[in-house]
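Shown next: start.cif, containing mmCIF, C-alpha atoms, pLDDT in the B column; chains and numbers go by the auth columns.
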data_entry
#
loop_
_atom_site.group_PDB
_atom_site.id
_atom_site.type_symbol
_atom_site.label_atom_id
_atom_site.label_comp_id
_atom_site.label_asym_id
_atom_site.label_seq_id
_atom_site.Cartn_x
_atom_site.Cartn_y
_atom_site.Cartn_z
_atom_site.B_iso_or_equiv
_atom_site.auth_seq_id
_atom_site.auth_asym_id
ATOM 1 C CA MET A 1 -3.976 0.004 -66.449 52.00 13 A
ATOM 2 C CA ARG A 2 -0.881 -0.808 -68.462 57.00 14 A
ATOM 3 C CA HIS A 3 -0.606 -4.472 -69.465 58.00 15 A
ATOM 4 C CA ILE A 4 2.914 -5.774 -69.020 72.00 16 A
ATOM 5 C CA GLY A 5 2.678 -9.344 -70.289 89.00 17 A
ATOM 6 C CA ARG A 6 0.660 -12.516 -70.661 91.00 18 A
ATOM 7 C CA ILE A 7 0.663 -15.323 -68.133 94.00 19 A
ATOM 8 C CA LEU A 8 -0.833 -18.778 -68.478 93.00 20 A
ATOM 9 C CA LEU A 9 -2.227 -19.846 -65.090 95.00 21 A
ATOM 10 C CA VAL A 10 -2.660 -23.629 -64.889 92.00 22 A
ATOM 11 C CA GLU A 11 -4.870 -24.404 -61.905 92.00 23 A
ATOM 12 C CA ASP A 12 -7.753 -26.832 -61.361 89.00 24 A
ATOM 13 C CA ASN A 13 -9.276 -25.186 -58.278 90.00 25 A
ATOM 14 C CA GLN A 14 -11.804 -22.480 -59.192 93.00 26 A
ATOM 15 C CA VAL A 15 -11.160 -20.395 -56.069 92.00 27 A
ATOM 16 C CA ASN A 16 -7.402 -20.455 -56.713 90.00 28 A
ATOM 17 C CA GLN A 17 -8.065 -19.579 -60.367 94.00 29 A
ATOM 18 C CA LEU A 18 -10.074 -16.534 -59.333 95.00 30 A
ATOM 19 C CA VAL A 19 -7.577 -15.372 -56.691 93.00 31 A
ATOM 20 C CA GLY A 20 -4.572 -15.892 -58.975 92.00 32 A
ATOM 21 C CA HIS A 21 -6.295 -14.198 -61.901 95.00 33 A
ATOM 22 C CA ARG A 22 -7.201 -11.130 -59.833 95.00 34 A
ATOM 23 C CA LEU A 23 -3.783 -10.811 -58.185 93.00 35 A
ATOM 24 C CA LEU A 24 -2.001 -10.965 -61.523 94.00 36 A
ATOM 25 C CA GLU A 25 -4.412 -8.594 -63.291 94.00 37 A
ATOM 26 C CA ARG A 26 -3.957 -6.038 -60.506 94.00 38 A
ATOM 27 C CA ARG A 27 -0.275 -6.070 -61.342 92.00 39 A
ATOM 28 C CA GLY A 28 -0.968 -5.401 -65.009 93.00 40 A
ATOM 29 C CA TYR A 29 -0.744 -8.895 -66.489 94.00 41 A
ATOM 30 C CA THR A 30 -3.155 -10.422 -68.965 93.00 42 A
ATOM 31 C CA VAL A 31 -4.100 -13.834 -67.580 95.00 43 A
ATOM 32 C CA VAL A 32 -5.349 -16.905 -69.417 94.00 44 A
ATOM 33 C CA VAL A 33 -6.503 -19.826 -67.264 95.00 45 A
ATOM 34 C CA ALA A 34 -6.105 -23.512 -68.123 92.00 46 A
ATOM 35 C CA ASN A 35 -7.794 -26.122 -65.920 92.00 47 A
ATOM 36 C CA ASN A 36 -5.004 -28.720 -66.248 87.00 48 A
ATOM 37 C CA GLY A 37 -1.702 -29.457 -67.970 83.00 49 A
ATOM 38 C CA ARG A 38 -3.309 -31.031 -71.027 83.00 50 A
ATOM 39 C CA GLU A 39 -5.485 -27.985 -71.611 87.00 51 A
ATOM 40 C CA ALA A 40 -2.444 -25.735 -71.171 86.00 52 A
ATOM 41 C CA LEU A 41 -0.462 -27.714 -73.753 82.00 53 A
ATOM 42 C CA GLY A 42 -3.346 -27.384 -76.180 84.00 54 A
ATOM 43 C CA MET A 43 -3.449 -23.632 -75.634 84.00 55 A
ATOM 44 C CA LEU A 44 0.266 -23.289 -76.208 80.00 56 A
ATOM 45 C CA LYS A 45 -0.028 -25.190 -79.492 77.00 57 A
ATOM 46 C CA ASP A 46 -2.992 -23.080 -80.614 67.00 58 A
ATOM 47 C CA GLU A 47 -1.772 -20.370 -82.972 58.00 59 A
ATOM 48 C CA ALA A 48 -4.486 -18.015 -81.680 59.00 60 A
ATOM 49 C CA ILE A 49 -2.992 -18.019 -78.175 61.00 61 A
ATOM 50 C CA VAL A 50 0.631 -16.972 -78.398 66.00 62 A
ATOM 51 C CA GLY A 51 3.039 -14.739 -76.594 80.00 63 A
ATOM 52 C CA PHE A 52 2.989 -15.964 -73.009 87.00 64 A
ATOM 53 C CA GLY A 53 5.771 -14.633 -70.815 89.00 65 A
ATOM 54 C CA CYS A 54 5.514 -17.533 -68.389 91.00 66 A
ATOM 55 C CA VAL A 55 3.376 -20.361 -67.046 91.00 67 A
ATOM 56 C CA LEU A 56 2.305 -20.599 -63.398 92.00 68 A
ATOM 57 C CA MET A 57 1.385 -24.234 -62.811 89.00 69 A
ATOM 58 C CA ASP A 58 -0.194 -25.951 -59.838 87.00 70 A
ATOM 59 C CA ILE A 59 1.740 -29.197 -59.596 81.00 71 A
ATOM 60 C CA GLN A 60 -0.878 -31.107 -57.614 76.00 72 A
ATOM 61 C CA MET A 61 -3.699 -31.470 -60.086 72.00 73 A
ATOM 62 C CA PRO A 62 -5.354 -34.834 -60.744 63.00 74 A
ATOM 63 C CA GLU A 63 -4.329 -34.892 -64.412 61.00 75 A
ATOM 64 C CA ASN A 64 -0.764 -33.856 -63.639 53.00 76 A
ATOM 65 C CA GLY A 65 -0.114 -35.961 -60.560 47.00 77 A
ATOM 66 C CA PRO A 66 2.960 -35.690 -58.347 43.00 78 A
ATOM 67 C CA GLY A 67 6.041 -34.881 -60.380 42.00 79 A
ATOM 68 C CA SER A 68 3.852 -33.715 -63.269 52.00 80 A
ATOM 69 C CA ASN A 69 4.247 -34.929 -66.827 56.00 81 A
ATOM 70 C CA ALA A 70 3.322 -31.506 -68.166 65.00 82 A
ATOM 71 C CA PRO A 71 6.738 -29.757 -67.906 67.00 83 A
ATOM 72 C CA PRO A 72 8.565 -32.363 -70.026 66.00 84 A
ATOM 73 C CA SER A 73 5.764 -32.062 -72.595 71.00 85 A
ATOM 74 C CA PHE A 74 6.154 -28.287 -72.606 71.00 86 A
ATOM 75 C CA ARG A 75 9.899 -28.699 -73.046 73.00 87 A
ATOM 76 C CA ASP A 76 9.430 -31.209 -75.888 73.00 88 A
ATOM 77 C CA SER A 77 7.305 -28.649 -77.733 68.00 89 A
ATOM 78 C CA GLU A 78 10.146 -26.096 -77.453 73.00 90 A
ATOM 79 C CA GLN A 79 12.659 -28.295 -79.278 74.00 91 A
ATOM 80 C CA GLY A 80 14.019 -26.560 -82.359 74.00 92 A
ATOM 81 C CA THR A 81 12.187 -23.283 -81.647 73.00 93 A
ATOM 82 C CA ARG A 82 15.014 -21.379 -79.889 76.00 94 A
ATOM 83 C CA ARG A 83 12.559 -20.299 -77.239 78.00 95 A
ATOM 84 C CA HIS A 84 12.188 -21.177 -73.588 81.00 96 A
ATOM 85 C CA LEU A 85 8.922 -20.580 -71.767 84.00 97 A
ATOM 86 C CA PRO A 86 9.548 -20.154 -68.035 89.00 98 A
ATOM 87 C CA ILE A 87 7.393 -22.498 -65.943 88.00 99 A
ATOM 88 C CA VAL A 88 6.875 -21.701 -62.267 90.00 100 A
ATOM 89 C CA ALA A 89 5.621 -24.556 -60.072 87.00 101 A
ATOM 90 C CA MET A 90 3.053 -23.722 -57.414 86.00 102 A
ATOM 91 C CA THR A 91 2.036 -25.980 -54.544 80.00 103 A
ATOM 92 C CA ALA A 92 0.320 -25.739 -51.173 75.00 104 A
ATOM 93 C CA HIS A 93 2.293 -28.717 -49.850 68.00 105 A
ATOM 94 C CA ALA A 94 5.745 -27.221 -49.589 70.00 106 A
ATOM 95 C CA ILE A 95 8.062 -29.799 -48.102 75.00 107 A
ATOM 96 C CA LYS A 96 11.792 -30.299 -48.203 77.00 108 A
ATOM 97 C CA GLY A 97 12.863 -31.526 -51.623 77.00 109 A
ATOM 98 C CA ASP A 98 9.821 -30.213 -53.540 76.00 110 A
ATOM 99 C CA GLU A 99 11.770 -27.421 -55.199 79.00 111 A
ATOM 100 C CA ALA A 100 14.505 -29.779 -56.386 81.00 112 A
ATOM 101 C CA ARG A 101 11.899 -32.227 -57.746 81.00 113 A
ATOM 102 C CA CYS A 102 10.147 -29.436 -59.648 79.00 114 A
ATOM 103 C CA VAL A 103 13.367 -28.112 -61.166 80.00 115 A
ATOM 104 C CA GLY A 104 14.388 -31.673 -62.024 79.00 116 A
ATOM 105 C CA ALA A 105 11.042 -32.123 -63.810 79.00 117 A
ATOM 106 C CA GLY A 106 11.696 -29.109 -66.068 80.00 118 A
ATOM 107 C CA MET A 107 10.312 -26.211 -64.049 85.00 119 A
ATOM 108 C CA ASP A 108 12.292 -22.990 -63.792 88.00 120 A
ATOM 109 C CA ALA A 109 11.159 -21.847 -60.365 87.00 121 A
ATOM 110 C CA TYR A 110 8.997 -22.811 -57.422 85.00 122 A
ATOM 111 C CA LEU A 111 6.439 -20.974 -55.238 85.00 123 A
ATOM 112 C CA SER A 112 4.536 -22.215 -52.256 81.00 124 A
ATOM 113 C CA LYS A 113 0.855 -21.276 -51.926 78.00 125 A
ATOM 114 C CA PRO A 114 -0.950 -19.331 -50.678 68.00 126 A
ATOM 115 C CA ASN A 115 0.648 -16.426 -52.453 59.00 127 A
ATOM 116 C CA SER A 116 0.417 -13.067 -50.741 49.00 128 A
ATOM 117 C CA ALA A 117 -1.514 -10.159 -52.223 46.00 129 A
ATOM 118 C CA GLY A 118 1.597 -8.028 -51.509 46.00 130 A
#
How would this structure read if it were set down as structure tokens?
Amino acid sequence: MRHIGRILLVEDNQVNQLVGHRLLERRGYTVVVANNGREALGMLKDEAIVGFGCVLMDIQMPENGPGSNAPPSFRDSEQGTRRHLPIVAMTAHAIKGDEARCVGAGMDAYLSKPNSAG
């Protein structure tokens, strides 16, 4: 299988981690899983883990909370680097206004879960 990029999957639920990991690997991505936003930030600062094409982040994790403090922290770490890491919000509770809140919090895109195996 040809690998086409690296994705950081930020998800606290083990079943969702497994499903997301498998779906993305089937499509040729290399997947690294972080259990919460803090762990993801640590991984992105670690010189050994570089080169992510994007971050898929569950926005309803206990350590992130509604509105998530993680995206602004990711954006702060980009300052002065001339790079922009796309962050895609994922949530099972898709209600009117969620997408706008996610984009306003620094996310680039929004997906509702469950995601299809397509």
What gap, in Å, lies between CA of Gly92 (chain A) and CA of Met73 (chain A)?
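Taking CA of Gly92 (chain A) as the start and CA of Met73 (chain A) as the end point, the length is 28.9 Å.
The space between CA of Ala121 (chain A) and CA of Arg95 (chain A) spans 17.0 Å.
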Using only C-alpha atoms, which residues sit within 9 Å of Val43 (chain A) once same-chain residues fewer than 5 positions away are excluded, as a VMD selection string?
chain A and resid 17 to 21 32 to 34 36 to 37
Take the residues from that selection and write them out as an mmCIF file, in the frame of the given file, keeping C-alpha atoms.
data_model
loop_
_atom_site.group_PDB
_atom_site.id
_atom_site.type_symbol
_atom_site.label_atom_id
_atom_site.label_comp_id
_atom_site.auth_asym_id
_atom_site.auth_seq_id
_atom_site.Cartn_x
_atom_site.Cartn_y
_atom_site.Cartn_z
ATOM 1 C CA GLY A 17 2.678 -9.344 -70.289
ATOM 2 C CA ARG A 18 0.660 -12.516 -70.661
ATOM 3 C CA ILE A 19 0.663 -15.323 -68.133
ATOM 4 C CA LEU A 20 -0.833 -18.778 -68.478
ATOM 5 C CA LEU A 21 -2.227 -19.846 -65.090
ATOM 6 C CA GLY A 32 -4.572 -15.892 -58.975
ATOM 7 C CA HIS A 33 -6.295 -14.198 -61.901
ATOM 8 C CA ARG A 34 -7.201 -11.130 -59.833
ATOM 9 C CA LEU A 36 -2.001 -10.965 -61.523
ATOM 10 C CA GLU A 37 -4.412 -8.594 -63.291
#
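The space between CA of Val22 (chain A) and CA of Ala112 (chain A) spans 20.1 Å.
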Non-local contacts of Ile99 (chain A) (12 Å; all atoms listed in the file; under 2 positions in same chain excluded) as an MDAnalysis selection string:
chainID A and resid 19:22 49 52 64:71 82:87 96:97 101:102 114:115 117:123
Which is closest to Leu53 (chain A) among A:Glu111, A:Ala104, A:Asp88, A:Val27, if we use all atoms listed in the file?
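Result for the nearest residue to Leu53 (chain A): A:Asp88.
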Can you pull out the residues contacting Asn25 (chain A)? Cut-off 9 Å, using all atoms listed in the file, and skip same-chain residues under 3 positions away; I want them as a PyMOL selection string.
chain A and resi 28-30+47+73
Any chance you could export the current selection's C-alpha atoms as a JSON list (two decimals), keeping the file's coordinate frame?
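Output file again-v9.json is given in full below:
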[["chain", "number", "residue", "atom", "x", "y", "z"],
["A", 28, "ASN", "CA", -7.40, -20.45, -56.71],
["A", 29, "GLN", "CA", -8.06, -19.58, -60.37],
["A", 30, "LEU", "CA", -10.07, -16.53, -59.33],
["A", 47, "ASN", "CA", -7.79, -26.12, -65.92],
["A", 73, "MET", "CA", -3.70, -31.47, -60.09]]
Could you please fill out region 20-41 of chain A with N, CA and C atoms and send it back as a JSON list (two decimals), keeping the file's coordinate frame?
[["chain", "number", "residue", "atom", "x", "y", "z"],
["A", 20, "LEU", "N", 0.07, -17.63, -68.45],
["A", 20, "LEU", "CA", -0.83, -18.78, -68.48],
["A", 20, "LEU", "C", -0.87, -19.36, -67.07],
["A", 21, "LEU", "N", -2.02, -19.32, -66.43],
["A", 21, "LEU", "CA", -2.23, -19.85, -65.09],
["A", 21, "LEU", "C", -2.88, -21.22, -65.22],
["A", 22, "VAL", "N", -2.17, -22.25, -64.79],
["A", 22, "VAL", "CA", -2.66, -23.63, -64.89],
["A", 22, "VAL", "C", -3.04, -24.07, -63.49],
["A", 23, "GLU", "N", -4.34, -24.15, -63.25],
["A", 23, "GLU", "CA", -4.87, -24.40, -61.90],
["A", 23, "GLU", "C", -6.24, -25.06, -62.03],
["A", 24, "ASP", "N", -6.47, -26.13, -61.28],
["A", 24, "ASP", "CA", -7.75, -26.83, -61.36],
["A", 24, "ASP", "C", -8.78, -26.34, -60.35],
["A", 25, "ASN", "N", -8.36, -25.65, -59.31],
["A", 25, "ASN", "CA", -9.28, -25.19, -58.28],
["A", 25, "ASN", "C", -9.84, -23.82, -58.67],
["A", 26, "GLN", "N", -11.18, -23.72, -58.72],
["A", 26, "GLN", "CA", -11.80, -22.48, -59.19],
["A", 26, "GLN", "C", -11.52, -21.29, -58.29],
["A", 27, "VAL", "N", -11.46, -21.50, -56.98],
["A", 27, "VAL", "CA", -11.16, -20.40, -56.07],
["A", 27, "VAL", "C", -9.73, -19.91, -56.32],
["A", 28, "ASN", "N", -8.80, -20.83, -56.44],
["A", 28, "ASN", "CA", -7.40, -20.45, -56.71],
["A", 28, "ASN", "C", -7.27, -19.79, -58.08],
["A", 29, "GLN", "N", -8.07, -20.22, -59.06],
["A", 29, "GLN", "CA", -8.06, -19.58, -60.37],
["A", 29, "GLN", "C", -8.48, -18.12, -60.23],
["A", 30, "LEU", "N", -9.56, -17.89, -59.51],
["A", 30, "LEU", "CA", -10.07, -16.53, -59.33],
["A", 30, "LEU", "C", -9.08, -15.65, -58.59],
["A", 31, "VAL", "N", -8.53, -16.15, -57.48],
["A", 31, "VAL", "CA", -7.58, -15.37, -56.69],
["A", 31, "VAL", "C", -6.33, -15.06, -57.52],
["A", 32, "GLY", "N", -5.77, -16.10, -58.16],
["A", 32, "GLY", "CA", -4.57, -15.89, -58.98],
["A", 32, "GLY", "C", -4.81, -14.92, -60.11],
["A", 33, "HIS", "N", -5.94, -15.08, -60.78],
["A", 33, "HIS", "CA", -6.30, -14.20, -61.90],
["A", 33, "HIS", "C", -6.35, -12.74, -61.43],
["A", 34, "ARG", "N", -7.06, -12.50, -60.34],
["A", 34, "ARG", "CA", -7.20, -11.13, -59.83],
["A", 34, "ARG", "C", -5.88, -10.54, -59.37],
["A", 35, "LEU", "N", -5.08, -11.32, -58.65],
["A", 35, "LEU", "CA", -3.78, -10.81, -58.18],
["A", 35, "LEU", "C", -2.89, -10.41, -59.36],
["A", 36, "LEU", "N", -2.86, -11.25, -60.36],
["A", 36, "LEU", "CA", -2.00, -10.96, -61.52],
["A", 36, "LEU", "C", -2.53, -9.80, -62.35],
["A", 37, "GLU", "N", -3.84, -9.72, -62.54],
["A", 37, "GLU", "CA", -4.41, -8.59, -63.29],
["A", 37, "GLU", "C", -4.16, -7.27, -62.59],
["A", 38, "ARG", "N", -4.23, -7.27, -61.27],
["A", 38, "ARG", "CA", -3.96, -6.04, -60.51],
["A", 38, "ARG", "C", -2.54, -5.53, -60.74],
["A", 39, "ARG", "N", -1.67, -6.44, -61.08],
["A", 39, "ARG", "CA", -0.28, -6.07, -61.34],
["A", 39, "ARG", "C", -0.03, -5.78, -62.82],
["A", 40, "GLY", "N", -1.09, -5.80, -63.62],
["A", 40, "GLY", "CA", -0.97, -5.40, -65.01],
["A", 40, "GLY", "C", -0.80, -6.52, -66.01],
["A", 41, "TYR", "N", -0.90, -7.76, -65.57],
["A", 41, "TYR", "CA", -0.74, -8.90, -66.49],
["A", 41, "TYR", "C", -2.07, -9.27, -67.13]]
